[in-house]
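Undergrad: Below is the structure I would like to discuss, written out as structure tokens.
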Amino acid sequence: MLKRAALAVVAALRSPWLRRRVISSLVAVLGVTVLVFLLVHLIPGDPIDGLLGERADPADKAEMRACMDLDQPLLTQFGRFWKGVADGTLGTTCPDRTRTVASLIGEALPSTMALAAAGMVVALLLALPLGVVAALRPRSPLDAAATAVSLAGISMPAMWLGPLLLSIFYVQLRWAPGPADDAGLRALVLPAIMLGTHLMAMLARMTRSSLLEVMGEDYVRTARAKGLSPTRVVLRHGLRNALVPVITVAGLQFGSLLAGAVVTEKVFARAGLGTLLLEAIARRDYRIVQGCTLVIAVSYVTVNLLVDLAYGAADPRIRLGGSR
């Protein structure tokens, strides 16, 4: 089994289909980086005032401007940014130059990755039961209720849901730790619920439609004819095959959870990539903004590429169809 999977991966790596995917991914990352670089430089005002204050000494301002390469043309600044990408530092912090942007992101990224993973777990734990219940009782009150819950999850604004969760489970019930508390995994519960609720709706509808399609297949009718219990038919023969597109969508959406964690970390005062990015935007620290954006873009594109690779290895028709 492992040998065949390895051979499938090697074959995929040699295919024009994968080469096109890699090239399009690199173009996407480059496009995002260029766009962010231009946008942060188009914002009116002097970033030095945001970092040092308007009353700072002119000599300090000049030193900071030189440190951030703001005294150089845009093309030179862009070239030096990519030089920092090439050497893995993403540039140095200013004005002390004692730390690199990559080290700051490296300290913040694990917290954001843990939050994104927890949000995905919450989304799957909510979506799979809702989707299965809706599929087993189509056009019934249970289906309508599951649909209503899914729509409510995607309709609630994140900036409203987070404070609501804090108000109920921290302020009133005292069941969950607050934003300032360091409670390990317990501190992930409320942020994960806030982050995973929106993704839950999409996965629940995908589970419902996929399971409805699978339950009409011949092998499911054969399993029923053999006298298998309804639970075994649904879980072993139905849901197992229906999860393929669900897992694909979940993998594709994992990258978006990294971007969505920006708001969640701000609401729950978590020290992560989102908090680092928002603080850098407030200070107009161009290097950190560009570094965080690059990491988020690369993470999103990498997850999408890995899902495409796994899906193409599992179903050769995708590779053949994409090579035409």
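Chain labels A, B, ... are given in the sequence in which chains occur in the structure tokens; within each chain residues are numbered consecutively from 1, and ligands are likewise numbered from 1 in the order shown.
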Based on the backbone DSSP call, show me all residues of region 198-266 of chain A assigned alpha helix (DSSP H), as a PyMOL selection string.
TA: chain A and resi 198-215+218-225+230-232+240-266
Undergrad: Applying 10 Å and only C-alpha atoms, which residues near Ile154 (chain A) remain after dropping the ones on its own chain fewer than 6 positions away? List them as a ChimeraX atom specification.
TA: /A:196-202
Undergrad: Excluding Glu279 (chain A) and any residue of its chain fewer than 3 positions from it, enumerate the residues within 12 Å of it, using only C-alpha atoms, and give them as a list in words.
TA: Gly50, Leu51, Val262, Glu265, Lys266, Ala269, Ala271, Gly272, Leu273, Gly274, Thr275, Leu276, Ala282, Arg283, Arg284, Asp285, Tyr286, Ile288, Val289 and Cys292 of chain A
Undergrad: Let's have the selection written as a PDB file, in the first residue's frame, with C-alpha atoms.
TA:
ATOM      1  CA  GLY A  50       3.461  55.753  13.552  1.00  0.00           C
ATOM      2  CA  LEU A  51       6.579  54.027  14.842  1.00  0.00           C
ATOM      3  CA  VAL A 262      -6.525  37.319  12.684  1.00  0.00           C
ATOM      4  CA  GLU A 265      -6.841  36.297  18.049  1.00  0.00           C
ATOM      5  CA  LYS A 266      -7.691  39.970  18.426  1.00  0.00           C
ATOM      6  CA  ALA A 269      -6.155  38.575  23.021  1.00  0.00           C
ATOM      7  CA  ALA A 271      -0.470  36.158  20.892  1.00  0.00           C
ATOM      8  CA  GLY A 272      -0.316  34.743  17.389  1.00  0.00           C
ATOM      9  CA  LEU A 273       0.320  35.612  13.789  1.00  0.00           C
ATOM     10  CA  GLY A 274      -2.917  37.600  13.578  1.00  0.00           C
ATOM     11  CA  THR A 275      -2.035  39.741  16.573  1.00  0.00           C
ATOM     12  CA  LEU A 276       1.460  40.346  15.204  1.00  0.00           C
ATOM     13  CA  ALA A 282      -1.298  49.779  13.325  1.00  0.00           C
ATOM     14  CA  ARG A 283       2.393  50.804  13.507  1.00  0.00           C
ATOM     15  CA  ARG A 284       2.762  50.599   9.717  1.00  0.00           C
ATOM     16  CA  ASP A 285       5.775  48.352  10.117  1.00  0.00           C
ATOM     17  CA  TYR A 286       6.116  47.397   6.466  1.00  0.00           C
ATOM     18  CA  ILE A 288       6.399  42.650   9.445  1.00  0.00           C
ATOM     19  CA  VAL A 289       3.215  43.258   7.428  1.00  0.00           C
ATOM     20  CA  CYS A 292       3.142  37.939   7.802  1.00  0.00           C
TER      21      CYS A 292
END
Undergrad: Just checking: using only C-alpha atoms, which residue out of A:Arg224, A:Phe78, A:Pro58, A:Leu164 ends up closest to Leu35 (chain A)?
TA: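 Under the stated criterion, the closest residue is A:Phe78.
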Undergrad: Do you know which residues are at most 9 Å from Thr147 (chain A) counting only C-alpha atoms, after dropping those on the same chain fewer than 2 positions away, and could you put them as a PDB file with C-alpha atoms, in the first residue's frame?
TA:
ATOM      1  CA  LEU A 130     -25.530  17.833  11.182  1.00  0.00           C
ATOM      2  CA  GLY A 131     -24.847  16.632   7.649  1.00  0.00           C
ATOM      3  CA  ALA A 134     -29.963  16.031   7.384  1.00  0.00           C
ATOM      4  CA  LEU A 142     -34.608  17.432  11.267  1.00  0.00           C
ATOM      5  CA  ASP A 143     -33.258  18.445   7.861  1.00  0.00           C
ATOM      6  CA  ALA A 144     -34.762  21.911   8.239  1.00  0.00           C
ATOM      7  CA  ALA A 145     -33.323  22.262  11.746  1.00  0.00           C
ATOM      8  CA  VAL A 149     -28.198  25.689  12.444  1.00  0.00           C
ATOM      9  CA  SER A 150     -25.747  25.696   9.527  1.00  0.00           C
ATOM     10  CA  LEU A 151     -27.075  28.975   8.167  1.00  0.00           C
ATOM     11  CA  ALA A 152     -26.988  30.525  11.630  1.00  0.00           C
ATOM     12  CA  ALA A 201     -21.948  25.461   7.660  1.00  0.00           C
ATOM     13  CA  ALA A 204     -22.384  20.353   6.865  1.00  0.00           C
ATOM     14  CA  ARG A 205     -24.058  21.095   3.526  1.00  0.00           C
TER      15      ARG A 205
END
Undergrad: Please identify all polymer residues within 10 Å of region 186-194 of chain A, counting only C-alpha atoms, omitting same-chain residues fewer than 2 positions from it, and present them as a PyMOL selection string.
TA: chain A and resi 111+114-123+126+153+156-166+169-170+175-184+196-200+260-261+263-265+267-270
Undergrad: Considering only C-alpha atoms, return as number ranges by chain whatever protein or nucleic-acid residues lie within 10 Å of region 87-100 of chain A, sequence-local ones (same chain, fewer than 3 positions apart) excluded.
TA: A: 51-52, 60-61, 63-68, 80-84, 103-106, 285, 287-288, 290-292, 294
Undergrad: Would you put the residues from that selection into a file with N, CA and C atoms, as a PDB file, in the first residue's frame?
TA:
ATOM      1  N   LEU A  51       5.628  54.813  14.069  1.00  0.00           N
ATOM      2  CA  LEU A  51       6.579  54.027  14.842  1.00  0.00           C
ATOM      3  C   LEU A  51       7.229  54.833  15.973  1.00  0.00           C
ATOM      4  N   LEU A  52       7.580  56.079  15.700  1.00  0.00           N
ATOM      5  CA  LEU A  52       8.309  56.890  16.682  1.00  0.00           C
ATOM      6  C   LEU A  52       7.476  58.014  17.272  1.00  0.00           C
ATOM      7  N   ASP A  60      16.513  60.712  14.887  1.00  0.00           N
ATOM      8  CA  ASP A  60      15.960  59.364  15.093  1.00  0.00           C
ATOM      9  C   ASP A  60      15.067  58.968  13.923  1.00  0.00           C
ATOM     10  N   LYS A  61      14.303  59.923  13.406  1.00  0.00           N
ATOM     11  CA  LYS A  61      13.448  59.631  12.254  1.00  0.00           C
ATOM     12  C   LYS A  61      14.288  59.259  11.036  1.00  0.00           C
ATOM     13  N   GLU A  63      17.266  57.978  11.044  1.00  0.00           N
ATOM     14  CA  GLU A  63      17.868  56.658  11.279  1.00  0.00           C
ATOM     15  C   GLU A  63      16.853  55.543  11.037  1.00  0.00           C
ATOM     16  N   MET A  64      15.612  55.747  11.517  1.00  0.00           N
ATOM     17  CA  MET A  64      14.569  54.749  11.305  1.00  0.00           C
ATOM     18  C   MET A  64      14.233  54.615   9.821  1.00  0.00           C
ATOM     19  N   ARG A  65      14.191  55.748   9.116  1.00  0.00           N
ATOM     20  CA  ARG A  65      13.879  55.713   7.697  1.00  0.00           C
ATOM     21  C   ARG A  65      14.953  54.931   6.924  1.00  0.00           C
ATOM     22  N   ALA A  66      16.210  55.139   7.300  1.00  0.00           N
ATOM     23  CA  ALA A  66      17.292  54.406   6.646  1.00  0.00           C
ATOM     24  C   ALA A  66      17.249  52.928   7.002  1.00  0.00           C
ATOM     25  N   CYS A  67      16.876  52.626   8.264  1.00  0.00           N
ATOM     26  CA  CYS A  67      16.800  51.229   8.697  1.00  0.00           C
ATOM     27  C   CYS A  67      15.738  50.462   7.917  1.00  0.00           C
ATOM     28  N   MET A  68      14.592  51.125   7.644  1.00  0.00           N
ATOM     29  CA  MET A  68      13.494  50.482   6.937  1.00  0.00           C
ATOM     30  C   MET A  68      13.601  50.641   5.422  1.00  0.00           C
ATOM     31  N   ARG A  80      15.154  44.373  -1.891  1.00  0.00           N
ATOM     32  CA  ARG A  80      15.722  44.004  -0.597  1.00  0.00           C
ATOM     33  C   ARG A  80      14.765  43.113   0.199  1.00  0.00           C
ATOM     34  N   PHE A  81      13.448  43.322  -0.001  1.00  0.00           N
ATOM     35  CA  PHE A  81      12.490  42.422   0.658  1.00  0.00           C
ATOM     36  C   PHE A  81      12.681  40.987   0.171  1.00  0.00           C
ATOM     37  N   TRP A  82      12.812  40.804  -1.147  1.00  0.00           N
ATOM     38  CA  TRP A  82      13.002  39.461  -1.676  1.00  0.00           C
ATOM     39  C   TRP A  82      14.384  38.907  -1.341  1.00  0.00           C
ATOM     40  N   LYS A  83      15.345  39.783  -1.111  1.00  0.00           N
ATOM     41  CA  LYS A  83      16.637  39.310  -0.613  1.00  0.00           C
ATOM     42  C   LYS A  83      16.472  38.710   0.779  1.00  0.00           C
ATOM     43  N   GLY A  84      15.642  39.370   1.617  1.00  0.00           N
ATOM     44  CA  GLY A  84      15.346  38.823   2.941  1.00  0.00           C
ATOM     45  C   GLY A  84      14.596  37.510   2.852  1.00  0.00           C
ATOM     46  N   SER A 103      12.101  35.459  12.841  1.00  0.00           N
ATOM     47  CA  SER A 103      12.082  34.963  14.216  1.00  0.00           C
ATOM     48  C   SER A 103      10.804  35.380  14.933  1.00  0.00           C
ATOM     49  N   LEU A 104      10.334  36.592  14.685  1.00  0.00           N
ATOM     50  CA  LEU A 104       9.069  37.035  15.281  1.00  0.00           C
ATOM     51  C   LEU A 104       7.902  36.192  14.783  1.00  0.00           C
ATOM     52  N   ILE A 105       7.886  35.931  13.480  1.00  0.00           N
ATOM     53  CA  ILE A 105       6.809  35.112  12.919  1.00  0.00           C
ATOM     54  C   ILE A 105       6.915  33.676  13.428  1.00  0.00           C
ATOM     55  N   GLY A 106       8.146  33.179  13.565  1.00  0.00           N
ATOM     56  CA  GLY A 106       8.333  31.821  14.082  1.00  0.00           C
ATOM     57  C   GLY A 106       7.813  31.645  15.490  1.00  0.00           C
ATOM     58  N   ASP A 285       4.472  48.998  10.236  1.00  0.00           N
ATOM     59  CA  ASP A 285       5.775  48.352  10.117  1.00  0.00           C
ATOM     60  C   ASP A 285       5.750  47.485   8.860  1.00  0.00           C
ATOM     61  N   ARG A 287       7.847  45.813   7.039  1.00  0.00           N
ATOM     62  CA  ARG A 287       8.522  44.517   6.929  1.00  0.00           C
ATOM     63  C   ARG A 287       7.725  43.402   7.595  1.00  0.00           C
ATOM     64  N   ILE A 288       7.181  43.677   8.754  1.00  0.00           N
ATOM     65  CA  ILE A 288       6.399  42.650   9.445  1.00  0.00           C
ATOM     66  C   ILE A 288       5.095  42.387   8.706  1.00  0.00           C
ATOM     67  N   GLN A 290       4.538  42.694   5.467  1.00  0.00           N
ATOM     68  CA  GLN A 290       4.869  41.917   4.275  1.00  0.00           C
ATOM     69  C   GLN A 290       5.262  40.485   4.639  1.00  0.00           C
ATOM     70  N   GLY A 291       6.008  40.310   5.734  1.00  0.00           N
ATOM     71  CA  GLY A 291       6.412  38.970   6.136  1.00  0.00           C
ATOM     72  C   GLY A 291       5.228  38.115   6.554  1.00  0.00           C
ATOM     73  N   CYS A 292       4.326  38.686   7.360  1.00  0.00           N
ATOM     74  CA  CYS A 292       3.142  37.939   7.802  1.00  0.00           C
ATOM     75  C   CYS A 292       2.250  37.582   6.620  1.00  0.00           C
ATOM     76  N   LEU A 294       3.146  37.209   3.513  1.00  0.00           N
ATOM     77  CA  LEU A 294       3.810  36.180   2.717  1.00  0.00           C
ATOM     78  C   LEU A 294       3.632  34.798   3.351  1.00  0.00           C
TER      79      LEU A 294
END
Undergrad: Determine the nearest neighbour of Val246 (chain A) from the options A:Gly216, A:Leu258, A:Arg221, A:Leu124, counting only C-alpha atoms.
TA: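 Comparing A:Gly216, A:Leu258, A:Arg221, A:Leu124 against Val246 (chain A), the winner is A:Leu124.
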Undergrad: Rank A:Leu306, A:Leu42, A:Ala242, A:Val220 by their smallest atom-to-atom distance to Val132 (chain A), using only C-alpha atoms, and report the top residue only.
TA: A:Ala242
Undergrad: Set the distance at 7 Å and use only C-alpha atoms: which residues neighbour Leu211 (chain A) once local chain neighbours fewer than 5 positions away are removed? I'd like the list as an MDAnalysis selection string.
TA: chainID A and resid 135 238:239 242
Undergrad: Counting only C-alpha atoms, figure out which residue out of A:Leu257, A:Met206, A:Ala62, A:Leu185 gets nearest to Ala127 (chain A).
TA: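 Answer, going by the shortest atom-to-atom distance: A:Met206.
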